[in-house]
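Data block for run-v8.txt (compact mmCIF, C-alpha atoms):
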# COMPACT_ATOMS: atom_id res chain seq x y z
CA MET A 7 8.10 0.07 -1.48
CA VAL A 8 10.85 1.22 -3.84
CA ARG A 9 8.72 4.10 -5.07
CA ASN A 10 8.04 5.28 -1.53
CA VAL A 11 11.74 5.21 -0.67
CA LEU A 12 12.75 7.09 -3.83
CA GLY A 13 9.93 9.61 -3.48
CA SER A 14 10.74 10.21 0.18
CA PHE A 15 14.40 10.79 -0.66
CA LEU A 16 13.53 13.35 -3.33
CA ALA A 17 11.05 15.12 -1.05
CA LEU A 18 13.49 15.34 1.86
CA LEU A 19 16.25 16.54 -0.45
CA GLY A 20 13.96 19.26 -1.74
CA ALA A 21 12.96 20.28 1.79
CA ALA A 22 16.62 20.57 2.81
CA ALA A 23 17.36 22.73 -0.22
CA ALA A 24 14.40 24.99 0.57
CA VAL A 25 15.47 25.47 4.20
CA LEU A 26 19.07 26.29 3.23
CA SER A 27 18.08 28.71 0.47
CA PRO A 28 17.27 31.70 2.78
CA PHE A 29 20.87 31.61 4.03
CA ARG A 30 22.12 32.26 0.48
CA GLN A 31 21.90 35.39 -1.64
CA TRP A 32 18.62 35.84 -3.47
CA TYR A 33 18.99 39.14 -5.31
CA ASP A 34 21.80 41.63 -5.65
CA GLY A 35 23.73 40.27 -2.66
CA ARG A 36 20.73 40.24 -0.28
CA LEU A 37 20.13 37.03 1.66
CA GLY A 38 16.75 35.35 1.57
CA ARG A 39 16.28 35.56 5.32
CA HIS A 40 16.50 39.36 5.04
CA TYR A 41 13.07 39.49 3.36
CA ARG A 42 10.02 39.81 5.57
CA VAL A 43 7.07 37.48 4.98
CA ASP A 44 4.59 40.35 4.87
CA GLU A 45 6.72 42.08 2.22
CA LEU A 46 5.66 39.36 -0.22
CA PHE A 47 2.13 40.77 0.01
CA THR A 48 2.75 44.48 0.57
CA GLY A 49 5.98 45.14 -1.33
CA ILE A 50 9.74 44.76 -0.92
CA THR A 51 11.46 47.21 1.43
CA GLY A 52 15.01 47.55 2.72
CA SER A 53 14.26 46.47 6.30
CA ARG A 54 15.81 43.34 7.76
CA PRO A 55 13.48 41.26 9.94
CA GLY A 56 14.33 38.77 12.65
CA PRO A 57 14.48 35.03 11.99
CA LEU A 58 10.84 34.49 13.02
CA GLY A 59 9.54 37.18 10.72
CA SER A 60 11.52 36.32 7.59
CA ILE A 61 10.74 34.05 4.67
CA LEU A 62 12.73 31.36 6.47
CA VAL A 63 9.64 30.57 8.60
CA VAL A 64 7.66 29.61 5.51
CA PHE A 65 10.31 27.20 4.33
CA LEU A 66 10.68 25.68 7.79
CA PHE A 67 6.94 25.04 7.82
CA ALA A 68 7.17 23.44 4.36
CA ALA A 69 10.04 21.23 5.53
CA LEU A 70 8.06 20.13 8.60
CA LEU A 71 5.07 19.35 6.37
CA THR A 72 7.34 17.28 4.15
CA ILE A 73 8.69 15.25 7.07
CA VAL A 74 5.19 14.51 8.32
CA GLY A 75 4.12 13.51 4.83
CA VAL A 76 7.08 11.16 4.45
CA VAL A 77 6.44 9.53 7.83
CA LEU A 78 2.75 9.05 7.04
CA ARG A 79 3.50 8.23 3.39
CA SER A 80 1.05 10.94 2.39
CA ARG A 81 1.50 12.23 -1.12
CA LEU A 82 -0.94 15.03 -0.41
CA LEU A 83 1.13 16.53 2.43
CA VAL A 84 4.36 16.32 0.44
CA ALA A 85 2.74 17.93 -2.58
CA ALA A 86 1.27 20.67 -0.36
CA ALA A 87 4.75 21.45 0.99
CA GLY A 88 6.08 21.75 -2.56
CA VAL A 89 3.21 24.03 -3.57
CA VAL A 90 3.80 26.29 -0.55
CA THR A 91 7.53 26.58 -1.28
CA LEU A 92 7.06 27.22 -4.97
CA GLY A 93 4.18 29.63 -4.38
CA PHE A 94 6.13 31.86 -1.99
CA THR A 95 9.19 31.77 -4.23
CA VAL A 96 7.17 32.90 -7.25
CA LEU A 97 5.43 35.55 -5.13
CA TRP A 98 8.84 36.86 -4.05
CA MET A 99 9.93 37.05 -7.68
CA VAL A 100 6.83 39.09 -8.52
CA ARG A 101 7.39 41.55 -5.66
CA GLN A 102 11.11 41.81 -6.33
CA GLY A 103 10.43 42.51 -9.98
CA GLU A 104 8.00 45.24 -9.01
CA ALA A 105 10.58 46.78 -6.66
CA VAL A 106 13.47 46.94 -9.16
CA GLY A 107 11.47 47.18 -12.38
CA SER A 108 12.61 43.79 -13.81
CA LEU A 109 14.49 40.72 -12.70
CA THR A 110 17.93 40.27 -14.20
CA VAL A 111 20.71 37.70 -14.08
CA SER A 112 24.30 38.87 -14.43
CA GLY A 113 27.74 37.49 -13.78
CA ASP A 114 28.96 40.34 -11.56
CA GLY A 115 26.92 39.25 -8.55
CA SER A 116 23.88 41.42 -9.17
CA GLY A 117 20.41 40.22 -10.11
CA LEU A 118 19.01 36.82 -9.28
CA ARG A 119 21.32 34.65 -7.23
CA TRP A 120 21.58 30.99 -6.26
CA GLY A 121 19.32 31.28 -3.22
CA ALA A 122 16.19 31.88 -5.27
CA ALA A 123 17.20 29.12 -7.70
CA GLU A 124 17.79 26.70 -4.83
CA ALA A 125 14.34 27.41 -3.38
CA THR A 126 12.76 26.77 -6.79
CA VAL A 127 14.67 23.52 -7.25
CA GLY A 128 13.69 22.41 -3.74
CA ALA A 129 10.02 22.98 -4.49
CA VAL A 130 10.29 21.03 -7.74
CA LEU A 131 11.99 18.13 -5.93
CA MET A 132 9.21 18.00 -3.35
CA LEU A 133 6.55 17.92 -6.06
CA LEU A 134 8.49 15.26 -7.93
CA GLY A 135 8.84 13.22 -4.73
CA ALA A 136 5.07 13.37 -4.19
CA LEU A 137 4.55 12.22 -7.76
CA VAL A 138 6.95 9.27 -7.41
CA MET A 139 5.61 8.07 -4.06
CA SER A 140 3.00 5.34 -4.22
CA GLY A 141 1.40 6.40 -0.94
CA ARG A 142 -0.29 4.16 1.58
CA ARG A 143 -2.10 1.02 0.50
CA GLY A 144 -4.83 -0.53 2.57
CA GLY A 145 -4.03 -4.10 3.58
CA GLY A 146 -6.65 -6.79 3.42
CA ARG A 147 -10.25 -6.44 2.34
CA ARG A 148 -12.23 -3.42 3.36
CA HIS A 149 -15.89 -3.69 4.21
CA GLY A 150 -18.19 -0.83 3.36
CA GLY A 151 -15.34 1.50 2.36
CA GLY A 152 -14.42 2.24 5.99
CA GLY A 153 -10.96 2.72 7.37
CA HIS A 154 -10.94 -0.47 9.42
CA ASP A 155 -11.30 -4.15 8.70
CA HIS A 156 -14.66 -5.65 9.55
CA PRO A 157 -15.44 -9.37 9.68
CA TYR A 158 -18.12 -10.76 7.45
CA ALA A 159 -21.44 -11.31 9.15
CA ALA A 160 -22.60 -14.89 9.60
CA PRO A 161 -25.41 -15.97 7.26
CA GLY A 162 -28.93 -16.31 8.54
CA SER A 163 -30.96 -19.49 8.67
CA GLU A 164 -32.86 -18.50 5.53
CA ASN A 165 -29.68 -18.62 3.39
CA PRO A 166 -27.58 -21.45 4.79
CA ASP A 167 -25.60 -22.14 1.62
CA THR A 168 -24.19 -18.66 1.02
CA TRP A 169 -21.18 -18.92 3.31
CA PRO A 170 -18.30 -18.18 2.84
CA PRO A 171 -18.70 -14.94 0.85
CA THR A 172 -16.52 -16.30 -1.97
CA GLN A 173 -19.66 -17.73 -3.60
CA GLU A 174 -18.43 -21.24 -2.97
CA PRO A 175 -21.02 -23.81 -1.89
CA GLY A 176 -21.45 -23.94 1.83
CA PRO A 177 -22.51 -26.75 4.15
CA SER A 178 -25.77 -28.49 3.37
CA VAL A 179 -28.71 -28.35 5.75
CA GLN A 180 -30.52 -31.51 6.84
CA THR A 181 -34.26 -30.94 6.71
CA SER A 182 -35.37 -34.49 7.62
CA PRO A 183 -35.38 -35.81 11.21
CA LEU A 184 -34.10 -39.17 9.96
CA PRO A 185 -30.36 -39.77 9.75
CA GLU A 186 -28.73 -39.11 6.43
CA PRO A 187 -28.17 -42.26 4.34
CA GLU A 188 -24.61 -43.41 4.21
CA PRO A 189 -23.06 -43.37 0.76
CA ASP A 190 -22.34 -46.67 -0.99
CA LEU A 191 -18.62 -47.22 -0.68
CA TYR A 192 -18.49 -49.82 -3.48
CA THR A 193 -16.87 -48.24 -6.48
CA GLY A 194 -16.27 -51.29 -8.69
CA PRO A 195 -18.24 -52.35 -11.79
CA PRO A 196 -21.82 -53.59 -11.46
CA PRO A 197 -22.24 -57.31 -10.70
CA GLY A 198 -23.50 -58.09 -14.20
CA ALA A 199 -20.32 -56.74 -15.77
CA ARG A 200 -17.92 -58.94 -13.75
CA ARG A 201 -16.04 -61.73 -15.46
CA PRO A 202 -16.07 -65.16 -13.72
CA GLY A 203 -12.84 -65.94 -11.93
CA PRO A 204 -11.37 -68.87 -10.00
CA GLU A 205 -13.32 -67.90 -6.94
CA ASP A 206 -16.56 -68.50 -8.83
CA GLN A 207 -15.88 -72.20 -9.69
CA ASP A 208 -17.98 -74.96 -8.10
CA THR A 209 -16.15 -76.73 -5.29
CA THR A 210 -18.55 -79.75 -5.04
CA PRO A 211 -16.10 -82.30 -6.65
CA HIS A 212 -13.69 -81.51 -3.91
CA PRO A 213 -15.47 -82.09 -0.62
CA VAL A 214 -13.98 -80.73 2.51
CA VAL A 215 -13.15 -83.40 5.11
CA PRO A 216 -13.47 -82.13 8.65
CA ASP A 217 -10.46 -82.40 10.86
CA GLU A 218 -11.03 -85.17 13.45
CA GLY A 219 -7.98 -84.45 15.49
CA PRO A 220 -4.87 -86.63 15.94
CA GLY A 221 -4.96 -90.28 14.92
CA PRO A 222 -5.34 -92.25 11.70
CA ARG A 223 -7.52 -90.66 9.11
CA ARG A 224 -10.37 -92.53 7.53
CA PRO A 225 -10.12 -93.01 3.84
CA PRO A 226 -12.62 -91.02 1.89
CA PRO A 227 -15.68 -92.99 0.77
CA SER A 228 -15.29 -94.43 -2.71
Once you've parsed the file, please lay out its structure as structure tokens.
Amino acid sequence: MVRNVLGSFLALLGAAAAVLSPFRQWYDGRLGRHYRVDELFTGITGSRPGPLGSILVVFLFAALLTIVGVVLRSRLLVAAAGVVTLGFTVLWMVRQGEAVGSLTVSGDGSGLRWGAAEATVGAVLMLLGALVMSGRRGGGRRHGGGGHDHPYAAPGSENPDTWPPTQEPGPSVQTSPLPEPEPDLYTGPPPGARRPGPEDQDTTPHPVVPDEGPGPRRPPPS
């Protein structure tokens, strides 16, 4: 859970940085949204495209892919968004280097600017977010490797003692038509091992006189 939250935060932060990067200067004072998408494959020119034809569209698609990946907790979608952002940024660097001869960085505002760096950092954050995320985990036991839970099938009559599937012994099967014998509930020692007690003494010297009701009692015979 913590990994998914941290990874999602990094991925969304990277997507935001990638979307904002075309509105910053990329090279020699030129904004990133002033580069056409097809120029990354044919060569850099001085034309300025509309919003739907600029490199901004690529980064918007990558940001949308990141949001879907975060919602679905899909590391693959988030990583794909980072690869798309980084791939187009590197491709722009290659074409820009071919157009000017070499890429430079200077303090007077010429050369590579913060827009290209922000796009690169955004792509790295998205890839890092995909790496940190733990992704989705299937809950419960899966049967047959499918995507849904399936109950265990009941055992047949030929294997009555194989249920439940935890290999624990199941209910026994009565094969005789007679009733099962009841278990002996006596759990004490065997009769031969008992010691004689007061209850085992002979009571013959002390006869029991029956109660004859009210009236004088007869003396016992001498």
Original post:
Skipping near chain neighbours, those fewer than 5 positions away, what residues fall within 9 Å of Leu19 (chain A) using only C-alpha atoms, listed as a VMD selection string?
Top reply: chain A and resid 14 24 128 131 to 132
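Between CA of Leu16 (chain A) and CA of Trp98 (chain A) the separation is 24.0 Å.
Here CA of Leu137 (chain A) stands at a distance of 9.8 Å from CA of Ala17 (chain A).
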Original post:
Excluding same-chain residues fewer than 4 positions from Gly135 (chain A), what lies within 12 Å of it counting all atoms listed in the file, as a ChimeraX atom specification?
Top reply: /A:9-21,72-73,75-76,79-88,128-131,139-141
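From CA of Ser60 (chain A) back to CA of Arg39 (chain A), the distance works out to 5.3 Å.
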**OP:** Pick out the residues sitting within 10 Å of region 45-56 of chain A, and hand them over as a list in words; count only C-alpha atoms, and ignore anything fewer than 3 positions along from it in its own chain.
**Re:** Arg36, Leu37, Arg39, His40, Tyr41, Arg42, Gly59, Ser60, Ile61, Leu62, Phe94, Thr95, Val96, Leu97, Trp98, Met99, Val100, Arg101, Gln102, Gly103, Glu104, Ala105 and Val106 of chain A
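Using only C-alpha atoms, the shortest contact distance between Leu134 (chain A) and any of A:Leu66, A:Val89, A:Val43, A:Val111 is found at A:Val89.
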Expected answer as a compact mmCIF listing (two decimals) with C-alpha atoms, in the frame of the given file: all residues with atoms within 7 Å of (23.1, 42.8, -7.4), only C-alpha atoms:
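As a result, result_17.txt now contains:
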# COMPACT_ATOMS: atom_id res chain seq x y z
CA TYR A 33 18.99 39.14 -5.31
CA ASP A 34 21.80 41.63 -5.65
CA GLY A 35 23.73 40.27 -2.66
CA GLY A 115 26.92 39.25 -8.55
CA SER A 116 23.88 41.42 -9.17
CA GLY A 117 20.41 40.22 -10.11
